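First comes the structure, then the notes that go with it.
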Amino acid sequence: MIKVYTISGYEEVGKNMTAVGYSDGRREEVVIIDMGIMLDRVMIHEDTSIQKFSDKELQKLGAIPDDRILWKSRNKKVVAITLTHGHLDHIGAIAKLAPHYPDTPVYGTPYTIKLAKGEVKSEEYFEVKNPMYETNYGEIVQVSENLAIEFIRMTHSIPQASMVAIHTPEGVVLHTGDFKFDNNNPLGERPDYKRLKELGKEGVKVLIAESTRVAEPTKTPSEAVAQMLLEDFFLYEGMDEKGLIATTFASHIFRLQELIWIANRMGRQAVLVGRSLAKYTGIAKQLGLIKMKGARAVRSPNAVRKVLKEVSGARENYLLIVTGHQGEPGAVLTRMADGELYDIGKDDTVVFSAGTIPNPLNYAQRYKLETKLRMKGVRMIKDLHVSGHASREDHRYLIRMLNPENIVPAHGEFRMLTHYAELAEEEGYMIGKDVFVSRNGYIVEIP
């Protein structure tokens with residue numbers, strides 16, 4: 001029998017954690033997929049460390065998954081922890097939760113594992129002893145007597161995102177992670193359609209699919225569209241703005257590369273300001289995933305103050321790239337709007353190359369940030385962005401390509417999961433029979 005443990009991320013967008021169990025009648029072997037955090041529950045952002053909190057404190061706040069459901073039976077062994085990609089809502093709790101499963105190995109693509117190691121390195125409460133293995137696309141790793149795992153190349157708003165296939169004696173369980181089908185990524189990453197079609201022919205027992213944008217009746221545009229939007233704004237002949245500030249996700253390496261290219265073409269220097277920007281681009285540079293030619297990244301408080309003072313005296317020579325697009329307290333752009341670090345005002349244009357993460361706190365913080373910038377006379381350009389999440393037609397294509405026996409919608413508020421169920425019904429499935437809408441802390445048993 002196959003069990004899907006819908007631990008977390010089934011009633012909200014964030015703190016994702018799922019587990020897949022297979023029992024051969026003797027004992028149950030379990031593979032965990034992702035260990036994420038909910039950033040807004042502790043009012044933190046990409047530049048903030050959660051390591052000062054204990055796991056119990058974070059669970060009480062609802063910031064990390066409550067994984068006690070995996071502890072209820074002694075006749076159960078967690079044999080692997082897999083990470084679909086490097087966003088904090090998928091890896092941010094690794095240092096807090098992995099020690100609950102001593103010596104269980106952690107697997108992911110090289111970029112993802114390097115980010116996870118960074119989370120572990122700064123941990124204060126636990127000594128994290130779990131071995132971490134960088135796994136290549138197409139490599140099938142036997143993790144127990146009955147289970148093997150495989151990472152399948154996918155496109156998202158961070159490098160080396162993956163779908164995770166768990167090979168069981170009853171068929172494949174495929175977890176999509178966060179994805180979209182981007183066929184024109186400017187940096188070359190493409191979905192591995194060939195392998196997905198092969199799995200569809202072999203037989204997919206269960207599809208566990210993210211649901212964030214499934215209600216949108218479209219196909220999510222390519223990152224190439226975001227590149228064109230940015231170029232159309234920054235590179236037109238009449239561009240004479242003095243101070244230019246762009247903000248996007250620190251982990252969005254593709255978007256950061258585009259902004260660096262644009263700065264070079266404008267004859268400006270790209271300056272990336274913020275600890276998380278330095279962290280994500282530093283690892284990406286090590287792996288050859290980004291070219292920092294003509295750009296520099298600053299992270300320490302003293303270096304940030306120094307470089308912003310330098311930029312403020314010659315704004316026309318720079319393109320500032322900063323954190324804070326969600327209006328998070330303590331992020332660089334928020335501090336600018338509060339009158340700290342940099343005298344932002346009518347000589348500055350702020351470009352938002354990021355969407356607002358869909359929850360009430362983020363909407364409120366973003367509104368507050370925009371109000372402050374508007375009161376200072378800042379020109380704002382919004383929505384030069386495309387999502388990294390699949391829309392309805394991406395999901396429809398995936399269902400038709402895989403023809404899974406069963407579907408479990410994941411990663412979304414409950415209404416998002418039900419939207420996915422509606423799509424599945426359009427494709428011939430039936431809720432309760434082969435489509436299972438679950439909640440946090442439940443088990444879906446697949447007959």
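Residue numbering restarts at 1 for every chain of the structure tokens, chains are lettered A, B, ... in their displayed order, and ligands are numbered from 1 as they appear.
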
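Residues within 7 Å of range 337-349 of chain A, counting only C-alpha atoms and excluding same-chain residues fewer than 6 positions away, are A:Lys242, A:Gly243, A:Leu244, A:Ile245, A:Arg305, A:Leu308, A:Lys309, A:Ser312, A:Leu369, A:Lys372, A:Leu373, A:Lys376, A:Gly377, A:Val378, A:Arg379, A:Met380.
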
At most 9 Å is the cut-off: for each residue in range 381-430 of chain A with any atom that close to an atom of range 187-202 of chain A, write down the nearest atom pair and the distance in Å rounded to one decimal, counting only C-alpha atoms, chain first then increasing number, as CSV.
```
residue,atom,partner,partner_atom,distance
A:Leu398,CA,A:Leu196,CA,8.6
A:Arg400,CA,A:Gly200,CA,8.9
A:Met401,CA,A:Lys197,CA,6.0
A:Leu402,CA,A:Gly200,CA,4.0
A:Asn403,CA,A:Gly200,CA,6.2
A:Pro404,CA,A:Gly200,CA,7.3
```

### Message
Taking the DSSP secondary structure from the backbone, can you list the residues of range 202-303 of chain A that are helix (DSSP H, G or I), as number ranges by chain?
### Response
A: 202, 223-234, 253-266, 275-286, 301-303

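If only C-alpha atoms are the atoms counted, then among A:Lys15, A:Arg335, A:His100, A:His385 the closest residue to Ala224 in chain A is A:His385.
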
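Between CA of Val78 in chain A and CA of Ser23 in chain A lies a distance of 12.0 Å.
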
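If you count only C-alpha atoms and ignore residues fewer than 2 places along the chain from Pro447 in chain A, what sits within 10 Å of it is A:Met1, A:Ile2, A:Lys3, A:Lys205, A:Asn406, A:Lys433, A:Asp434, A:Val444, A:Glu445.
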
Who sits within 10 Å of Tyr318 in chain A, only C-alpha atoms, same chain under 2 positions skipped, as a PDB file with N, CA and C atoms, in the first residue's frame:
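result_14.pdb, freshly written:
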```pdb
ATOM      1  N   LYS A 242      17.413  59.095 -13.406  1.00  0.00           N
ATOM      2  CA  LYS A 242      18.677  59.250 -12.678  1.00  0.00           C
ATOM      3  C   LYS A 242      18.941  58.040 -11.785  1.00  0.00           C
ATOM      4  N   GLY A 243      18.133  57.875 -10.765  1.00  0.00           N
ATOM      5  CA  GLY A 243      18.326  56.749  -9.862  1.00  0.00           C
ATOM      6  C   GLY A 243      17.427  55.588 -10.248  1.00  0.00           C
ATOM      7  N   LEU A 244      18.012  54.417 -10.501  1.00  0.00           N
ATOM      8  CA  LEU A 244      17.246  53.243 -10.881  1.00  0.00           C
ATOM      9  C   LEU A 244      17.455  52.152  -9.836  1.00  0.00           C
ATOM     10  N   ILE A 245      16.344  51.657  -9.298  1.00  0.00           N
ATOM     11  CA  ILE A 245      16.379  50.622  -8.270  1.00  0.00           C
ATOM     12  C   ILE A 245      15.431  49.516  -8.698  1.00  0.00           C
ATOM     13  N   ALA A 263      22.001  46.313 -17.053  1.00  0.00           N
ATOM     14  CA  ALA A 263      22.883  47.346 -16.500  1.00  0.00           C
ATOM     15  C   ALA A 263      24.119  47.520 -17.374  1.00  0.00           C
ATOM     16  N   ASN A 264      24.704  46.420 -17.798  1.00  0.00           N
ATOM     17  CA  ASN A 264      25.887  46.500 -18.667  1.00  0.00           C
ATOM     18  C   ASN A 264      25.568  47.218 -19.974  1.00  0.00           C
ATOM     19  N   MET A 266      23.323  49.411 -20.444  1.00  0.00           N
ATOM     20  CA  MET A 266      23.052  50.821 -20.165  1.00  0.00           C
ATOM     21  C   MET A 266      24.310  51.593 -19.793  1.00  0.00           C
ATOM     22  N   GLY A 267      25.411  50.898 -19.620  1.00  0.00           N
ATOM     23  CA  GLY A 267      26.636  51.553 -19.180  1.00  0.00           C
ATOM     24  C   GLY A 267      26.626  51.866 -17.695  1.00  0.00           C
ATOM     25  N   ARG A 268      25.798  51.141 -16.947  1.00  0.00           N
ATOM     26  CA  ARG A 268      25.728  51.312 -15.499  1.00  0.00           C
ATOM     27  C   ARG A 268      26.323  50.083 -14.810  1.00  0.00           C
ATOM     28  N   GLN A 269      26.675  50.245 -13.548  1.00  0.00           N
ATOM     29  CA  GLN A 269      27.117  49.094 -12.766  1.00  0.00           C
ATOM     30  C   GLN A 269      25.952  48.566 -11.949  1.00  0.00           C
ATOM     31  N   ALA A 270      25.725  47.250 -12.037  1.00  0.00           N
ATOM     32  CA  ALA A 270      24.708  46.618 -11.193  1.00  0.00           C
ATOM     33  C   ALA A 270      25.314  46.389  -9.810  1.00  0.00           C
ATOM     34  N   VAL A 271      24.609  46.855  -8.783  1.00  0.00           N
ATOM     35  CA  VAL A 271      25.059  46.666  -7.400  1.00  0.00           C
ATOM     36  C   VAL A 271      23.949  45.940  -6.654  1.00  0.00           C
ATOM     37  N   ALA A 295      29.252  43.505 -12.265  1.00  0.00           N
ATOM     38  CA  ALA A 295      28.360  43.663 -11.104  1.00  0.00           C
ATOM     39  C   ALA A 295      29.123  43.382  -9.816  1.00  0.00           C
ATOM     40  N   GLU A 310      28.014  55.881  -1.751  1.00  0.00           N
ATOM     41  CA  GLU A 310      28.704  56.072  -3.031  1.00  0.00           C
ATOM     42  C   GLU A 310      27.702  56.210  -4.172  1.00  0.00           C
ATOM     43  N   VAL A 311      26.694  55.332  -4.193  1.00  0.00           N
ATOM     44  CA  VAL A 311      25.696  55.347  -5.263  1.00  0.00           C
ATOM     45  C   VAL A 311      24.862  56.622  -5.223  1.00  0.00           C
ATOM     46  N   SER A 312      24.495  57.077  -4.021  1.00  0.00           N
ATOM     47  CA  SER A 312      23.621  58.240  -3.910  1.00  0.00           C
ATOM     48  C   SER A 312      24.253  59.501  -4.486  1.00  0.00           C
ATOM     49  N   ALA A 314      26.131  59.535  -7.229  1.00  0.00           N
ATOM     50  CA  ALA A 314      26.243  59.434  -8.693  1.00  0.00           C
ATOM     51  C   ALA A 314      25.237  58.405  -9.197  1.00  0.00           C
ATOM     52  N   ARG A 315      23.970  58.665  -8.953  1.00  0.00           N
ATOM     53  CA  ARG A 315      22.927  57.671  -9.195  1.00  0.00           C
ATOM     54  C   ARG A 315      22.835  57.243 -10.650  1.00  0.00           C
ATOM     55  N   GLU A 316      23.178  58.152 -11.555  1.00  0.00           N
ATOM     56  CA  GLU A 316      23.051  57.846 -12.983  1.00  0.00           C
ATOM     57  C   GLU A 316      24.050  56.781 -13.445  1.00  0.00           C
ATOM     58  N   LEU A 320      20.751  49.812  -8.903  1.00  0.00           N
ATOM     59  CA  LEU A 320      20.685  49.128  -7.612  1.00  0.00           C
ATOM     60  C   LEU A 320      19.688  47.970  -7.691  1.00  0.00           C
ATOM     61  N   ILE A 321      20.088  46.815  -7.171  1.00  0.00           N
ATOM     62  CA  ILE A 321      19.192  45.664  -7.076  1.00  0.00           C
ATOM     63  C   ILE A 321      19.110  45.307  -5.598  1.00  0.00           C
TER      64      ILE A 321
END
```

### Task
With a distance cut-off of 12 Å and only C-alpha atoms, select the neighbouring residues of Ile94 in chain A, excluding the residue or stretch itself and same-chain residues fewer than 2 positions from it, and output the selection as a ChimeraX atom specification.
/A:15-17,32-37,50-51,55,64-65,81-83,86-92,96-101,104-107,112-113,115-123,126-130,132

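Note that DSSP on the backbone gives strand (DSSP E or B) to these residues of range 66-135 of chain A: Lys76, Lys77, Val78, Val79, Ala80, Ile81, Thr82, Val106, Tyr107, Gly108, Met132, Tyr133 and Glu134 of chain A.
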
Counting only C-alpha atoms, which residues in range 1-27 of chain A sit no more than 10 Å from range 357-361 of chain A? For each one, give the nearest pair of atoms and the distance in Å, sorted by chain then residue number, as a Markdown table.
```
| residue | atom | partner | partner_atom | distance |
| --- | --- | --- | --- | --- |
| A:Glu12 | CA | A:Asn359 | CA | 8.6 |
| A:Val13 | CA | A:Pro358 | CA | 7.5 |
| A:Gly14 | CA | A:Ile357 | CA | 9.8 |
```

Just the selected residues (all heavy atoms), exported as a tab-separated table (two decimals), in the first residue's frame, please.
```
chain	number	residue	atom	x	y	z
A	12	GLU	N	-2.20	26.30	3.07
A	12	GLU	CA	-1.55	27.59	2.95
A	12	GLU	C	-0.51	27.52	1.85
A	12	GLU	O	-0.16	26.44	1.38
A	12	GLU	CB	-0.87	27.99	4.26
A	12	GLU	CG	0.31	27.11	4.67
A	12	GLU	CD	-0.09	25.86	5.43
A	12	GLU	OE1	-0.64	26.01	6.51
A	12	GLU	OE2	0.14	24.74	4.93
A	13	VAL	N	-0.03	28.69	1.42
A	13	VAL	CA	1.07	28.75	0.46
A	13	VAL	C	2.34	28.93	1.28
A	13	VAL	O	2.66	30.03	1.73
A	13	VAL	CB	0.88	29.91	-0.54
A	13	VAL	CG1	2.08	30.00	-1.47
A	13	VAL	CG2	-0.40	29.70	-1.34
A	14	GLY	N	3.06	27.84	1.50
A	14	GLY	CA	4.27	27.89	2.31
A	14	GLY	C	4.44	26.67	3.17
A	14	GLY	O	3.60	25.76	3.17
```

### Message
Which residues are close to Leu259 in chain A, i.e. within 12 Å by only C-alpha atoms, leaving aside same-chain residues fewer than 2 positions away? Reply as a PyMOL selection string.
### Response
chain A and resi 226-231+233-235+244-248+252-257+261-266+268-272+290-295+318-322+351-353+384

### Task
Go through A:Lys219, A:His411, A:His325, A:Arg213 and flag the residue nearest Lys382 in chain A, using only C-alpha atoms for the distances.
A:His325

### Task
Would you mind listing what lies within 6 Å of Val172 in chain A as a PyMOL selection string, with only C-alpha atoms counted and same-chain residues fewer than 3 positions away left out?
chain A and resi 166-168+204-205

Export C-alpha atoms of the chosen residues as a compact mmCIF listing (two decimals), in the first residue's frame?
```txt
# COMPACT_ATOMS: atom_id res chain seq x y z
CA ILE A 166 9.66 7.90 -6.04
CA HIS A 167 9.85 4.45 -7.61
CA THR A 168 7.83 1.87 -5.67
CA VAL A 204 2.33 6.87 -12.57
CA LYS A 205 0.47 5.59 -9.53
```

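Rounded to one decimal, CA of Asn317 in chain A and CA of Ala284 in chain A lie 25.5 Å from each other.
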